[in-house]
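Colleague: Structure file model37.json (JSON, C-alpha atoms (C1' of nucleotides)) right here:
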[["chain", "number", "residue", "atom", "x", "y", "z"],
["J", 409, "MET", "CA", 155.88, -69.58, 13.65],
["J", 410, "ALA", "CA", 157.20, -66.97, 16.01],
["J", 411, "ALA", "CA", 155.37, -66.96, 19.32],
["J", 412, "ARG", "CA", 152.92, -64.13, 19.81],
["J", 413, "GLU", "CA", 153.69, -61.71, 22.59],
["J", 414, "THR", "CA", 150.19, -61.40, 23.94],
["J", 415, "ASN", "CA", 147.44, -63.66, 22.69],
["J", 416, "PRO", "CA", 148.39, -67.13, 21.57],
["J", 417, "ASN", "CA", 147.23, -67.01, 17.97],
["J", 418, "PHE", "CA", 143.68, -68.25, 18.41],
["J", 419, "MET", "CA", 142.17, -64.84, 17.94],
["J", 420, "ASN", "CA", 140.66, -64.89, 14.48],
["J", 421, "GLY", "CA", 137.19, -63.37, 14.51],
["J", 422, "VAL", "CA", 137.07, -63.40, 18.28],
["J", 423, "PRO", "CA", 137.31, -59.61, 18.76],
["J", 424, "GLU", "CA", 134.26, -59.08, 16.59],
["J", 425, "LEU", "CA", 132.31, -61.59, 18.64],
["J", 426, "LEU", "CA", 133.30, -60.06, 21.96],
["J", 427, "ILE", "CA", 132.66, -56.50, 20.82],
["J", 428, "LEU", "CA", 129.17, -57.31, 19.58],
["J", 429, "ARG", "CA", 128.44, -59.09, 22.83],
["J", 430, "LEU", "CA", 129.58, -56.15, 24.93],
["J", 431, "LEU", "CA", 127.62, -53.66, 22.87],
["J", 432, "GLN", "CA", 124.53, -55.81, 23.17],
["J", 433, "GLN", "CA", 124.72, -55.45, 26.92],
["J", 434, "SER", "CA", 125.29, -51.72, 26.90],
["J", 435, "GLU", "CA", 126.34, -48.81, 24.77],
["J", 436, "MET", "CA", 130.11, -48.32, 24.83],
["J", 437, "TYR", "CA", 132.92, -46.40, 23.18],
["J", 438, "GLY", "CA", 136.14, -47.75, 21.73],
["J", 439, "TYR", "CA", 138.55, -47.03, 24.50],
["J", 440, "GLU", "CA", 136.08, -48.44, 27.00],
["J", 441, "ILE", "CA", 135.74, -51.67, 25.03],
["J", 442, "VAL", "CA", 139.48, -52.24, 25.07],
["J", 443, "GLN", "CA", 139.54, -52.11, 28.83],
["J", 444, "ALA", "CA", 136.29, -53.99, 29.33],
["J", 445, "ILE", "CA", 137.63, -56.99, 27.43],
["J", 446, "ARG", "CA", 140.85, -56.91, 29.40],
["J", 447, "SER", "CA", 139.17, -56.69, 32.76],
["J", 448, "ARG", "CA", 136.25, -59.05, 32.22],
["J", 449, "THR", "CA", 138.53, -61.82, 31.00],
["J", 450, "ASP", "CA", 141.07, -61.23, 33.77],
["J", 451, "ALA", "CA", 143.61, -60.22, 31.10],
["J", 452, "VAL", "CA", 143.38, -63.63, 29.46],
["J", 453, "ILE", "CA", 142.35, -61.77, 26.32],
["J", 454, "ALA", "CA", 143.86, -58.40, 25.52],
["J", 455, "VAL", "CA", 143.02, -56.71, 22.26],
["J", 456, "GLY", "CA", 144.66, -53.42, 21.37],
["J", 457, "GLU", "CA", 143.06, -50.29, 20.01],
["J", 458, "GLY", "CA", 144.52, -51.11, 16.64],
["J", 459, "VAL", "CA", 142.16, -54.07, 16.57],
["J", 460, "VAL", "CA", 139.06, -52.56, 18.13],
["J", 461, "TYR", "CA", 138.72, -49.45, 16.01],
["J", 462, "PRO", "CA", 138.93, -51.12, 12.60],
["J", 463, "VAL", "CA", 136.41, -53.73, 13.75],
["J", 464, "LEU", "CA", 134.02, -51.03, 14.93],
["J", 465, "HIS", "CA", 134.31, -49.20, 11.64],
["J", 466, "GLY", "CA", 133.71, -52.39, 9.70],
["J", 467, "LEU", "CA", 130.67, -53.25, 11.79],
["J", 468, "GLU", "CA", 129.24, -49.79, 11.29],
["J", 469, "ARG", "CA", 129.86, -49.93, 7.56],
["J", 470, "ASP", "CA", 127.94, -53.20, 7.47],
["J", 471, "GLY", "CA", 125.11, -51.74, 9.52],
["J", 472, "ALA", "CA", 125.66, -54.04, 12.47],
["J", 473, "VAL", "CA", 126.25, -51.18, 14.89],
["J", 474, "LYS", "CA", 125.38, -47.52, 14.91],
["J", 475, "SER", "CA", 127.19, -44.65, 16.58],
["J", 476, "ARG", "CA", 126.36, -41.37, 18.20],
["J", 477, "ARG", "CA", 128.73, -38.68, 19.33],
["J", 478, "LYS", "CA", 128.61, -37.51, 22.90],
["J", 479, "THR", "CA", 130.77, -35.06, 24.77],
["J", 480, "VAL", "CA", 131.51, -35.85, 28.38],
["J", 481, "LYS", "CA", 133.58, -33.44, 30.42],
["J", 482, "GLY", "CA", 135.15, -31.89, 27.39],
["J", 483, "ARG", "CA", 136.06, -35.32, 25.99],
["J", 484, "SER", "CA", 134.43, -36.37, 22.79],
["J", 485, "ARG", "CA", 133.32, -39.97, 22.77],
["J", 486, "ILE", "CA", 131.72, -42.06, 20.07],
["J", 487, "TYR", "CA", 129.24, -44.49, 21.56],
["J", 488, "TYR", "CA", 128.31, -47.60, 19.64],
["J", 489, "SER", "CA", 125.22, -49.77, 19.98],
["J", 490, "VAL", "CA", 123.99, -52.83, 18.09],
["J", 491, "THR", "CA", 121.30, -52.67, 15.46],
["J", 492, "PRO", "CA", 118.81, -55.49, 14.82],
["J", 493, "ALA", "CA", 121.14, -56.65, 12.03],
["J", 494, "GLY", "CA", 124.01, -56.66, 14.50],
["J", 495, "SER", "CA", 122.00, -58.67, 16.95],
["J", 496, "HIS", "CA", 121.32, -61.23, 14.27],
["J", 497, "ARG", "CA", 124.98, -61.28, 13.39],
["J", 498, "LEU", "CA", 125.92, -61.84, 17.00],
["J", 499, "ALA", "CA", 123.56, -64.78, 17.17],
["J", 500, "ASP", "CA", 125.14, -66.31, 14.08],
["J", 501, "LEU", "CA", 128.68, -65.79, 15.30],
["J", 502, "SER", "CA", 127.79, -67.12, 18.71],
["J", 503, "GLU", "CA", 126.35, -70.28, 17.23],
["J", 504, "SER", "CA", 129.36, -70.78, 14.97],
["J", 505, "TRP", "CA", 131.65, -70.36, 17.94],
["J", 506, "THR", "CA", 129.71, -72.89, 19.97],
["J", 507, "ASN", "CA", 129.77, -75.43, 17.18],
["J", 508, "LEU", "CA", 133.47, -74.95, 16.62],
["J", 509, "THR", "CA", 134.46, -75.28, 20.26],
["J", 510, "ALA", "CA", 132.25, -78.33, 20.68],
["J", 511, "ALA", "CA", 133.90, -80.01, 17.70],
["J", 512, "ILE", "CA", 137.39, -79.21, 18.94],
["J", 513, "GLN", "CA", 136.59, -80.27, 22.47],
["J", 514, "LYS", "CA", 135.45, -83.60, 21.14],
["J", 515, "MET", "CA", 138.74, -84.06, 19.34],
["J", 516, "LEU", "CA", 140.84, -82.97, 22.28],
["J", 517, "THR", "CA", 139.20, -85.16, 24.87],
["J", 518, "GLY", "CA", 137.84, -88.04, 22.85],
["J", 519, "GLY", "CA", 140.80, -90.33, 22.46],
["J", 520, "GLN", "CA", 140.52, -93.60, 20.62],
["J", 521, "ARG", "CA", 142.94, -95.16, 22.99],
["J", 522, "ASP", "CA", 141.95, -95.64, 26.60],
["J", 523, "GLN", "CA", 142.65, -92.71, 28.82],
["J", 524, "ALA", "CA", 143.45, -93.09, 32.45],
["J", 525, "ILE", "CA", 140.86, -91.18, 34.42],
["J", 526, "PRO", "CA", 141.48, -92.19, 38.05],
["P", 498, "MET", "CA", 134.06, -58.99, 5.81],
["P", 499, "ALA", "CA", 132.96, -61.44, 3.17],
["P", 500, "ALA", "CA", 131.56, -64.64, 4.59],
["P", 501, "ARG", "CA", 133.85, -67.63, 4.41],
["P", 502, "GLU", "CA", 132.65, -70.51, 2.30],
["P", 503, "THR", "CA", 133.59, -73.26, 4.70],
["P", 504, "ASN", "CA", 134.82, -72.45, 8.17],
["P", 505, "PRO", "CA", 133.45, -69.35, 9.87],
["P", 506, "ASN", "CA", 136.63, -67.39, 10.43],
["P", 507, "PHE", "CA", 137.53, -68.68, 13.89],
["P", 508, "MET", "CA", 140.27, -70.90, 12.58],
["P", 509, "ASN", "CA", 143.48, -69.18, 13.56],
["P", 510, "GLY", "CA", 145.93, -71.68, 15.00],
["P", 511, "VAL", "CA", 143.28, -74.36, 15.22],
["P", 512, "PRO", "CA", 144.66, -76.60, 12.45],
["P", 513, "GLU", "CA", 148.00, -76.83, 14.22],
["P", 514, "LEU", "CA", 146.30, -77.82, 17.43],
["P", 515, "LEU", "CA", 144.16, -80.49, 15.79],
["P", 516, "ILE", "CA", 147.02, -81.91, 13.76],
["P", 517, "LEU", "CA", 149.26, -82.28, 16.79],
["P", 518, "ARG", "CA", 146.44, -83.93, 18.68],
["P", 519, "LEU", "CA", 145.78, -86.43, 15.90],
["P", 520, "LEU", "CA", 149.45, -87.27, 15.54],
["P", 521, "GLN", "CA", 149.75, -87.79, 19.26],
["P", 522, "GLN", "CA", 147.12, -90.49, 19.04],
["P", 523, "SER", "CA", 148.65, -92.25, 16.07],
["P", 524, "GLU", "CA", 151.09, -91.85, 13.23],
["P", 525, "MET", "CA", 149.40, -90.34, 10.19],
["P", 526, "TYR", "CA", 150.10, -88.91, 6.76],
["P", 527, "GLY", "CA", 148.86, -85.64, 5.29],
["P", 528, "TYR", "CA", 146.04, -86.83, 3.15],
["P", 529, "GLU", "CA", 144.77, -88.96, 6.00],
["P", 530, "ILE", "CA", 144.80, -86.00, 8.37],
["P", 531, "VAL", "CA", 142.63, -83.94, 6.06],
["P", 532, "GLN", "CA", 139.95, -86.60, 6.08],
["P", 533, "ALA", "CA", 140.30, -87.47, 9.74],
["P", 534, "ILE", "CA", 139.53, -83.88, 10.75],
["P", 535, "ARG", "CA", 136.57, -83.76, 8.43],
["P", 536, "SER", "CA", 135.10, -87.02, 9.62],
["P", 537, "ARG", "CA", 135.81, -86.76, 13.34],
["P", 538, "THR", "CA", 134.18, -83.35, 13.56],
["P", 539, "ASP", "CA", 131.23, -84.39, 11.41],
["P", 540, "ALA", "CA", 132.35, -81.86, 8.79],
["P", 541, "VAL", "CA", 132.00, -78.99, 11.25],
["P", 542, "ILE", "CA", 135.66, -78.32, 10.59],
["P", 543, "ALA", "CA", 137.13, -78.86, 7.15],
["P", 544, "VAL", "CA", 140.71, -77.91, 6.45],
["P", 545, "GLY", "CA", 142.11, -78.30, 2.96],
["P", 546, "GLU", "CA", 145.41, -79.80, 1.92],
["P", 547, "GLY", "CA", 146.69, -76.30, 1.27],
["P", 548, "VAL", "CA", 146.48, -75.78, 5.03],
["P", 549, "VAL", "CA", 147.65, -79.16, 6.30],
["P", 550, "TYR", "CA", 150.85, -79.53, 4.31],
["P", 551, "PRO", "CA", 152.38, -76.15, 5.17],
["P", 552, "VAL", "CA", 151.55, -76.72, 8.83],
["P", 553, "LEU", "CA", 153.20, -80.14, 8.77],
["P", 554, "HIS", "CA", 156.32, -78.71, 7.15],
["P", 555, "GLY", "CA", 156.46, -75.92, 9.69],
["P", 556, "LEU", "CA", 156.07, -78.35, 12.58],
["P", 557, "GLU", "CA", 158.81, -80.54, 11.22],
["P", 558, "ARG", "CA", 161.11, -77.57, 10.72],
["P", 559, "ASP", "CA", 160.56, -76.67, 14.36],
["P", 560, "GLY", "CA", 161.22, -80.21, 15.48],
["P", 561, "ALA", "CA", 157.71, -80.78, 16.78],
["P", 562, "VAL", "CA", 157.08, -83.72, 14.50],
["P", 563, "LYS", "CA", 159.28, -86.13, 12.59],
["P", 564, "SER", "CA", 158.55, -87.97, 9.39],
["P", 565, "ARG", "CA", 159.39, -91.28, 7.79],
["P", 566, "ARG", "CA", 158.66, -92.42, 4.28],
["P", 567, "LYS", "CA", 156.72, -95.58, 3.73],
["P", 568, "THR", "CA", 155.46, -97.20, 0.55],
["P", 569, "VAL", "CA", 152.11, -98.96, 0.71],
["P", 570, "LYS", "CA", 150.75, -100.68, -2.37],
["P", 571, "GLY", "CA", 152.88, -98.66, -4.71],
["P", 572, "ARG", "CA", 151.80, -95.42, -3.04],
["P", 573, "SER", "CA", 154.41, -93.38, -1.26],
["P", 574, "ARG", "CA", 153.27, -91.93, 2.01],
["P", 575, "ILE", "CA", 155.01, -89.68, 4.49],
["P", 576, "TYR", "CA", 154.01, -90.57, 8.01],
["P", 577, "TYR", "CA", 154.36, -87.99, 10.75],
["P", 578, "SER", "CA", 154.62, -88.51, 14.48],
["P", 579, "VAL", "CA", 155.11, -86.13, 17.40],
["P", 580, "THR", "CA", 158.43, -85.66, 19.13],
["P", 581, "PRO", "CA", 158.77, -84.86, 22.84],
["P", 582, "ALA", "CA", 159.05, -81.20, 21.83],
["P", 583, "GLY", "CA", 155.83, -81.54, 19.87],
["P", 584, "SER", "CA", 154.12, -83.13, 22.81],
["P", 585, "HIS", "CA", 155.14, -80.19, 24.95],
["P", 586, "ARG", "CA", 153.91, -77.80, 22.31],
["P", 587, "LEU", "CA", 150.57, -79.58, 22.16],
["P", 588, "ALA", "CA", 150.21, -79.27, 25.91],
["P", 589, "ASP", "CA", 150.88, -75.54, 25.71],
["P", 590, "LEU", "CA", 148.48, -74.97, 22.84],
["P", 591, "SER", "CA", 145.85, -77.06, 24.53],
["P", 592, "GLU", "CA", 146.10, -75.06, 27.71],
["P", 593, "SER", "CA", 145.95, -71.78, 25.81],
["P", 594, "TRP", "CA", 142.88, -72.96, 23.96],
["P", 595, "THR", "CA", 141.17, -73.99, 27.19],
["P", 596, "ASN", "CA", 141.91, -70.65, 28.82],
["P", 597, "LEU", "CA", 140.67, -68.74, 25.80],
["P", 598, "THR", "CA", 137.41, -70.62, 25.46],
["P", 599, "ALA", "CA", 136.74, -70.35, 29.17],
["P", 600, "ALA", "CA", 137.24, -66.59, 29.06],
["P", 601, "ILE", "CA", 134.98, -66.20, 26.05],
["P", 602, "GLN", "CA", 132.35, -68.47, 27.47],
["P", 603, "LYS", "CA", 132.29, -66.34, 30.56],
["P", 604, "MET", "CA", 131.71, -63.24, 28.47],
["P", 605, "LEU", "CA", 129.05, -64.83, 26.30],
["P", 606, "THR", "CA", 126.97, -66.28, 29.09],
["P", 607, "GLY", "CA", 127.71, -63.99, 31.97],
["P", 608, "GLY", "CA", 125.26, -61.21, 31.31],
["P", 609, "GLN", "CA", 124.86, -58.30, 33.65],
["P", 610, "ARG", "CA", 121.21, -58.26, 32.85],
["P", 611, "ASP", "CA", 119.02, -61.07, 34.13],
["P", 612, "GLN", "CA", 118.61, -64.01, 31.82],
["P", 613, "ALA", "CA", 115.49, -66.11, 31.75],
["P", 614, "ILE", "CA", 116.46, -69.69, 32.57],
["P", 615, "PRO", "CA", 113.18, -71.50, 33.18],
["K", 529, "DT", "C1'", 155.63, -26.41, 33.51],
["K", 530, "DG", "C1'", 155.88, -31.29, 32.90],
["K", 531, "DC", "C1'", 153.79, -35.76, 32.80],
["K", 532, "DA", "C1'", 150.38, -39.23, 32.81],
["K", 533, "DA", "C1'", 145.83, -40.72, 31.51],
["K", 534, "DT", "C1'", 142.07, -40.34, 28.43],
["K", 535, "DG", "C1'", 140.18, -40.82, 23.69],
["K", 536, "DC", "C1'", 140.28, -40.98, 18.78],
["K", 537, "DC", "C1'", 142.72, -42.82, 14.75],
["K", 538, "DT", "C1'", 146.12, -44.93, 11.00],
["K", 539, "DT", "C1'", 149.90, -47.55, 9.26],
["K", 540, "DG", "C1'", 153.02, -51.48, 7.84],
["K", 541, "DA", "C1'", 154.50, -55.91, 8.88],
["K", 542, "DA", "C1'", 153.53, -60.50, 9.74],
["K", 543, "DC", "C1'", 150.79, -64.31, 9.91],
["K", 544, "DT", "C1'", 147.17, -67.50, 8.62],
["K", 545, "DT", "C1'", 143.63, -69.64, 5.97],
["K", 546, "DC", "C1'", 141.40, -70.29, 1.54],
["K", 547, "DG", "C1'", 140.87, -71.98, -3.06],
["K", 548, "DA", "C1'", 142.66, -73.54, -7.09],
["K", 549, "DG", "C1'", 145.91, -75.73, -9.52],
["K", 550, "DG", "C1'", 149.95, -79.07, -10.71],
["K", 551, "DT", "C1'", 152.15, -83.83, -10.68],
["K", 552, "DA", "C1'", 151.91, -88.88, -10.45],
["K", 553, "DT", "C1'", 150.17, -93.63, -9.44],
["K", 554, "DG", "C1'", 146.62, -97.39, -8.88],
["K", 555, "DA", "C1'", 141.90, -99.09, -9.41],
["K", 556, "DT", "C1'", 137.55, -99.14, -11.75],
["K", 557, "DG", "C1'", 134.54, -99.65, -15.54],
["K", 558, "DA", "C1'", 132.77, -98.86, -20.29],
["H", 690, "DT", "C1'", 142.13, -100.01, -24.54],
["H", 691, "DC", "C1'", 141.01, -95.75, -22.70],
["H", 692, "DA", "C1'", 138.87, -92.61, -19.59],
["H", 693, "DT", "C1'", 137.92, -91.46, -15.08],
["H", 694, "DC", "C1'", 138.18, -91.44, -10.29],
["H", 695, "DA", "C1'", 140.49, -91.76, -5.77],
["H", 696, "DT", "C1'", 144.83, -91.56, -3.68],
["H", 697, "DA", "C1'", 148.93, -88.74, -2.31],
["H", 698, "DC", "C1'", 152.17, -85.26, -2.53],
["H", 699, "DC", "C1'", 152.97, -80.22, -3.21],
["H", 700, "DT", "C1'", 152.89, -74.92, -4.36],
["H", 701, "DC", "C1'", 151.05, -70.40, -5.26],
["H", 702, "DG", "C1'", 148.48, -65.93, -5.00],
["H", 703, "DA", "C1'", 144.64, -63.65, -2.88],
["H", 704, "DA", "C1'", 142.31, -62.23, 1.03],
["H", 705, "DG", "C1'", 141.57, -61.30, 5.61],
["H", 706, "DT", "C1'", 143.29, -60.65, 10.55],
["H", 707, "DT", "C1'", 145.89, -59.38, 14.37],
["H", 708, "DC", "C1'", 149.81, -56.95, 16.25],
["H", 709, "DA", "C1'", 152.80, -53.19, 17.61],
["H", 710, "DA", "C1'", 153.83, -48.70, 17.25],
["H", 711, "DG", "C1'", 152.97, -44.26, 16.64],
["H", 712, "DG", "C1'", 150.42, -39.62, 15.90],
["H", 713, "DC", "C1'", 147.10, -36.11, 17.53],
["H", 714, "DA", "C1'", 144.47, -33.55, 21.14],
["H", 715, "DT", "C1'", 142.45, -32.70, 25.78],
["H", 716, "DT", "C1'", 142.12, -33.03, 30.90],
["H", 717, "DG", "C1'", 143.99, -33.58, 35.56],
["H", 718, "DC", "C1'", 147.62, -33.63, 38.79],
["H", 719, "DA", "C1'", 152.09, -32.51, 40.91]]
Write the structure described by the file as structure tokens, please.
Modeller:
Amino acid sequence: MAARETNPNFMNGVPELLILRLLQQSEMYGYEIVQAIRSRTDAVIAVGEGVVYPVLHGLERDGAVKSRRKTVKGRSRIYYSVTPAGSHRLADLSESWTNLTAAIQKMLTGGQRDQAIP
Amino acid sequence: MAARETNPNFMNGVPELLILRLLQQSEMYGYEIVQAIRSRTDAVIAVGEGVVYPVLHGLERDGAVKSRRKTVKGRSRIYYSVTPAGSHRLADLSESWTNLTAAIQKMLTGGQRDQAIP
DNA sequence: TGCAATGCCTTGAACTTCGAGGTATGATGA
DNA sequence: TCATCATACCTCGAAGTTCAAGGCATTGCA
């Protein structure tokens, strides 16, 4: 029950969702994804490299993304992009996420006792 | 990467949030909580007893809820209710959840490529 | 030369959920 | 009477994640 240092424990499966979404928009490499998530969420969500790389490898193993090596200014980068299977997977995850948040929202706001809304 | 049978892998920390919310509305016992979550979310979320009981014990150990034993029609029930500390904890979790979902929503909908919204 | 940033990766610990099982009582029905 | 189901508590091992830290190598800057 120890408090997490960074993200408050609601992160299960979320990195995979965000990574697929980013890659659907444009080809990216691991290190870039780490920073993109941090910046686009205004640091609300911060996933480390230790999370991103295993997820990328898992997605590639499942055929949801594919990679190609590219050398830019002497630096070797591995760019990932979504496959049709990955796109389908993103759609599924996205729908699951929407359903889940809707259900939770209903429980959080829908009180059975009257709520003062002035 | 195997697909979950019931809930789609976004469940980290969610049971604790829902349980605290339910208990804030009214005193409840474990078995009742299991069914309340299932019914109030229209079975979108289904947490088993193996999840609920450990969470309740952890919350009690941390002083977020307190329990009292009550016997109803020969059946012994342990009713839980939130303490002030638990109420504070619920507020924190609730805020974290709101921030997280807002950030993700922004990433899911905010595309950098134009989206057809007719 | 030294140091920071870039870019890839792995590891072990810690946590959580999941699913199945165990115990015991009351109500139902054949 | 006896079997079965719903109630009500609980525990356990397996599986999957995230987290933090570190290792390796290159480039750019002071």
Colleague: Please identify all polymer residues within 10 Å of DT696 of chain H, counting all atoms listed in the file, omitting same-chain residues fewer than 4 positions from it, and present them as a PDB file with C-alpha atoms (C1' of nucleotides), in the coordinates of the input.
Modeller:
ATOM      1  CA  TYR P 528     146.040 -86.830   3.150  1.00  0.00           C
ATOM      2  CA  ARG P 572     151.800 -95.420  -3.040  1.00  0.00           C
TER       3      ARG P 572
ATOM      4  C1'  DT K 553     150.170 -93.630  -9.440  1.00  0.00           C
ATOM      5  C1'  DG K 554     146.620 -97.390  -8.880  1.00  0.00           C
ATOM      6  C1'  DA K 555     141.900 -99.090  -9.410  1.00  0.00           C
TER       7       DA K 555
END
Colleague: Would you list which chain H residues are within 12 Å of chain J using all atoms listed in the file, as a list in words?
Modeller: DG705, DT706, DT707, DC708, DA709, DA710, DG711, DA714, DT715, DT716 and DG717 of chain H
Colleague: For Glu524 of chain P, list every protein, DNA or RNA residue within 12 Å, evaluated using only C-alpha atoms (C1' of nucleotides), and leave out those in the same chain fewer than 4 positions away; present the list as an mmCIF file with C-alpha atoms, keeping the file's coordinate frame.
Modeller:
data_model
loop_
_atom_site.group_PDB
_atom_site.id
_atom_site.type_symbol
_atom_site.label_atom_id
_atom_site.label_comp_id
_atom_site.auth_asym_id
_atom_site.auth_seq_id
_atom_site.Cartn_x
_atom_site.Cartn_y
_atom_site.Cartn_z
ATOM 1 C CA ILE P 516 147.020 -81.910 13.760
ATOM 2 C CA LEU P 517 149.260 -82.280 16.790
ATOM 3 C CA ARG P 518 146.440 -83.930 18.680
ATOM 4 C CA LEU P 519 145.780 -86.430 15.900
ATOM 5 C CA LEU P 520 149.450 -87.270 15.540
ATOM 6 C CA GLU P 529 144.770 -88.960 6.000
ATOM 7 C CA ILE P 530 144.800 -86.000 8.370
ATOM 8 C CA VAL P 562 157.080 -83.720 14.500
ATOM 9 C CA LYS P 563 159.280 -86.130 12.590
ATOM 10 C CA SER P 564 158.550 -87.970 9.390
ATOM 11 C CA ARG P 565 159.390 -91.280 7.790
ATOM 12 C CA ARG P 566 158.660 -92.420 4.280
ATOM 13 C CA LYS P 567 156.720 -95.580 3.730
ATOM 14 C CA ARG P 574 153.270 -91.930 2.010
ATOM 15 C CA ILE P 575 155.010 -89.680 4.490
ATOM 16 C CA TYR P 576 154.010 -90.570 8.010
ATOM 17 C CA TYR P 577 154.360 -87.990 10.750
ATOM 18 C CA SER P 578 154.620 -88.510 14.480
ATOM 19 C CA VAL P 579 155.110 -86.130 17.400
ATOM 20 C CA THR P 580 158.430 -85.660 19.130
#
Colleague: Where does chain J meet chain P within 9 Å, residue by residue, with the nearest atom pair and distance in Å to one decimal for each, counting only C-alpha atoms, listed by chain and rising number, as a tab-separated table?
Modeller:
residue	atom	partner	partner_atom	distance
J:Met409	CA	P:Gly555	CA	7.5
J:Asn415	CA	P:Ser593	CA	8.8
J:Pro416	CA	P:Ser593	CA	6.7
J:Asn417	CA	P:Gly510	CA	5.7
J:Phe418	CA	P:Asn509	CA	4.9
J:Met419	CA	P:Asn509	CA	6.3
J:Asn420	CA	P:Phe507	CA	5.0
J:Gly421	CA	P:Phe507	CA	5.4
J:Val422	CA	P:Phe507	CA	6.9
J:Leu425	CA	P:Leu605	CA	8.9
J:Leu426	CA	P:Met604	CA	7.4
J:Arg429	CA	P:Leu605	CA	6.7
J:Leu430	CA	P:Met604	CA	8.2
J:Gln433	CA	P:Gly608	CA	7.3
J:Ile445	CA	P:Met604	CA	8.7
J:Arg448	CA	P:Met604	CA	7.2
J:Thr449	CA	P:Ala600	CA	5.3
J:Asp450	CA	P:Ala600	CA	8.1
J:Val452	CA	P:Ala600	CA	6.8
J:Ile453	CA	P:Leu597	CA	7.2
J:Gly466	CA	P:Met498	CA	7.7
J:Leu467	CA	P:Met498	CA	9.0
J:Asp470	CA	P:Met498	CA	8.6
J:Leu501	CA	P:Pro505	CA	8.1
J:Ser502	CA	P:Leu605	CA	8.0
J:Ser504	CA	P:Pro505	CA	6.7
J:Trp505	CA	P:Phe507	CA	7.3
J:Asn507	CA	P:Val541	CA	7.3
J:Leu508	CA	P:Val541	CA	6.9
J:Thr509	CA	P:Thr598	CA	7.6
J:Ala510	CA	P:Thr538	CA	8.9
J:Ala511	CA	P:Thr538	CA	5.3
J:Ile512	CA	P:Thr538	CA	7.5
J:Lys514	CA	P:Thr538	CA	7.7
J:Met515	CA	P:Arg537	CA	7.2
J:Leu516	CA	P:Arg518	CA	6.7
J:Gly519	CA	P:Gln522	CA	7.2
J:Gln520	CA	P:Gln522	CA	7.5
J:Arg521	CA	P:Gln522	CA	7.4
Colleague: Expressed in Å to a single decimal, how great is the separation between atom CA of Arg535 of chain P and atom CA of Val549 of chain P?
Modeller: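 Distance reported for this atom pair: 12.2 Å.
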Colleague: (146.0, -61.8, -0.2) in this file's frame - what residues fall within 12 Å of it? Use all atoms listed in the file and give the answer as a list in words.
Modeller: DC543, DT544, DT545, DC546 and DG547 of chain K; DC701, DG702, DA703, DA704, DG705 and DT706 of chain H
Colleague: Find the distance between atom CA of Tyr437 of chain J and atom C1' of DC537 of chain K and write it in Å to one decimal.
Modeller: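 These two atoms are separated by 13.4 Å.
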Colleague: Can you tell me how far atom C1' of DC531 of chain K sits from atom CA of Tyr461 of chain J, in Å to one decimal?
Modeller: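 For atom C1' of DC531 of chain K relative to atom CA of Tyr461 of chain J, the distance reads 26.4 Å.
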Colleague: Using all atoms listed in the file, pick whichever of K:DA548, K:DA558, K:DA542, K:DA532 has the shortest atom-to-atom distance to chain J.
Modeller: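 Of K:DA548, K:DA558, K:DA542, K:DA532, the one nearest chain J is K:DA542, counting all atoms listed in the file.
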Colleague: May I ask which of the residues P:Gly560, P:Glu513, P:Pro581, P:Arg586 is the closest one to chain K, counting all atoms listed in the file?
Modeller: P:Glu513
Colleague: Quick one: segment 475-485 of chain J with N, CA and C atoms, as a compact mmCIF listing (two decimals), keeping the file's coordinate frame?
Modeller:
# COMPACT_ATOMS: atom_id res chain seq x y z
N SER J 475 126.44 -45.48 15.63
CA SER J 475 127.19 -44.65 16.58
C SER J 475 126.50 -43.32 16.81
N ARG J 476 126.79 -42.75 17.96
CA ARG J 476 126.36 -41.37 18.20
C ARG J 476 127.44 -40.69 19.03
N ARG J 477 127.66 -39.44 18.68
CA ARG J 477 128.73 -38.68 19.33
C ARG J 477 128.20 -38.06 20.61
N LYS J 478 129.03 -38.05 21.62
CA LYS J 478 128.61 -37.51 22.90
C LYS J 478 129.83 -36.90 23.56
N THR J 479 129.65 -35.72 24.11
CA THR J 479 130.77 -35.06 24.77
C THR J 479 130.58 -35.11 26.28
N VAL J 480 131.57 -35.70 26.93
CA VAL J 480 131.51 -35.85 28.38
C VAL J 480 132.73 -35.18 29.00
N LYS J 481 132.49 -34.17 29.77
CA LYS J 481 133.58 -33.44 30.42
C LYS J 481 134.65 -32.98 29.43
N GLY J 482 134.21 -32.40 28.37
CA GLY J 482 135.15 -31.89 27.39
C GLY J 482 135.76 -32.94 26.48
N ARG J 483 135.51 -34.25 26.83
CA ARG J 483 136.06 -35.32 25.99
C ARG J 483 135.01 -35.83 25.04
N SER J 484 135.37 -35.90 23.80
CA SER J 484 134.43 -36.37 22.79
C SER J 484 134.49 -37.90 22.69
N ARG J 485 133.36 -38.51 22.87
CA ARG J 485 133.32 -39.97 22.77
C ARG J 485 132.34 -40.39 21.68
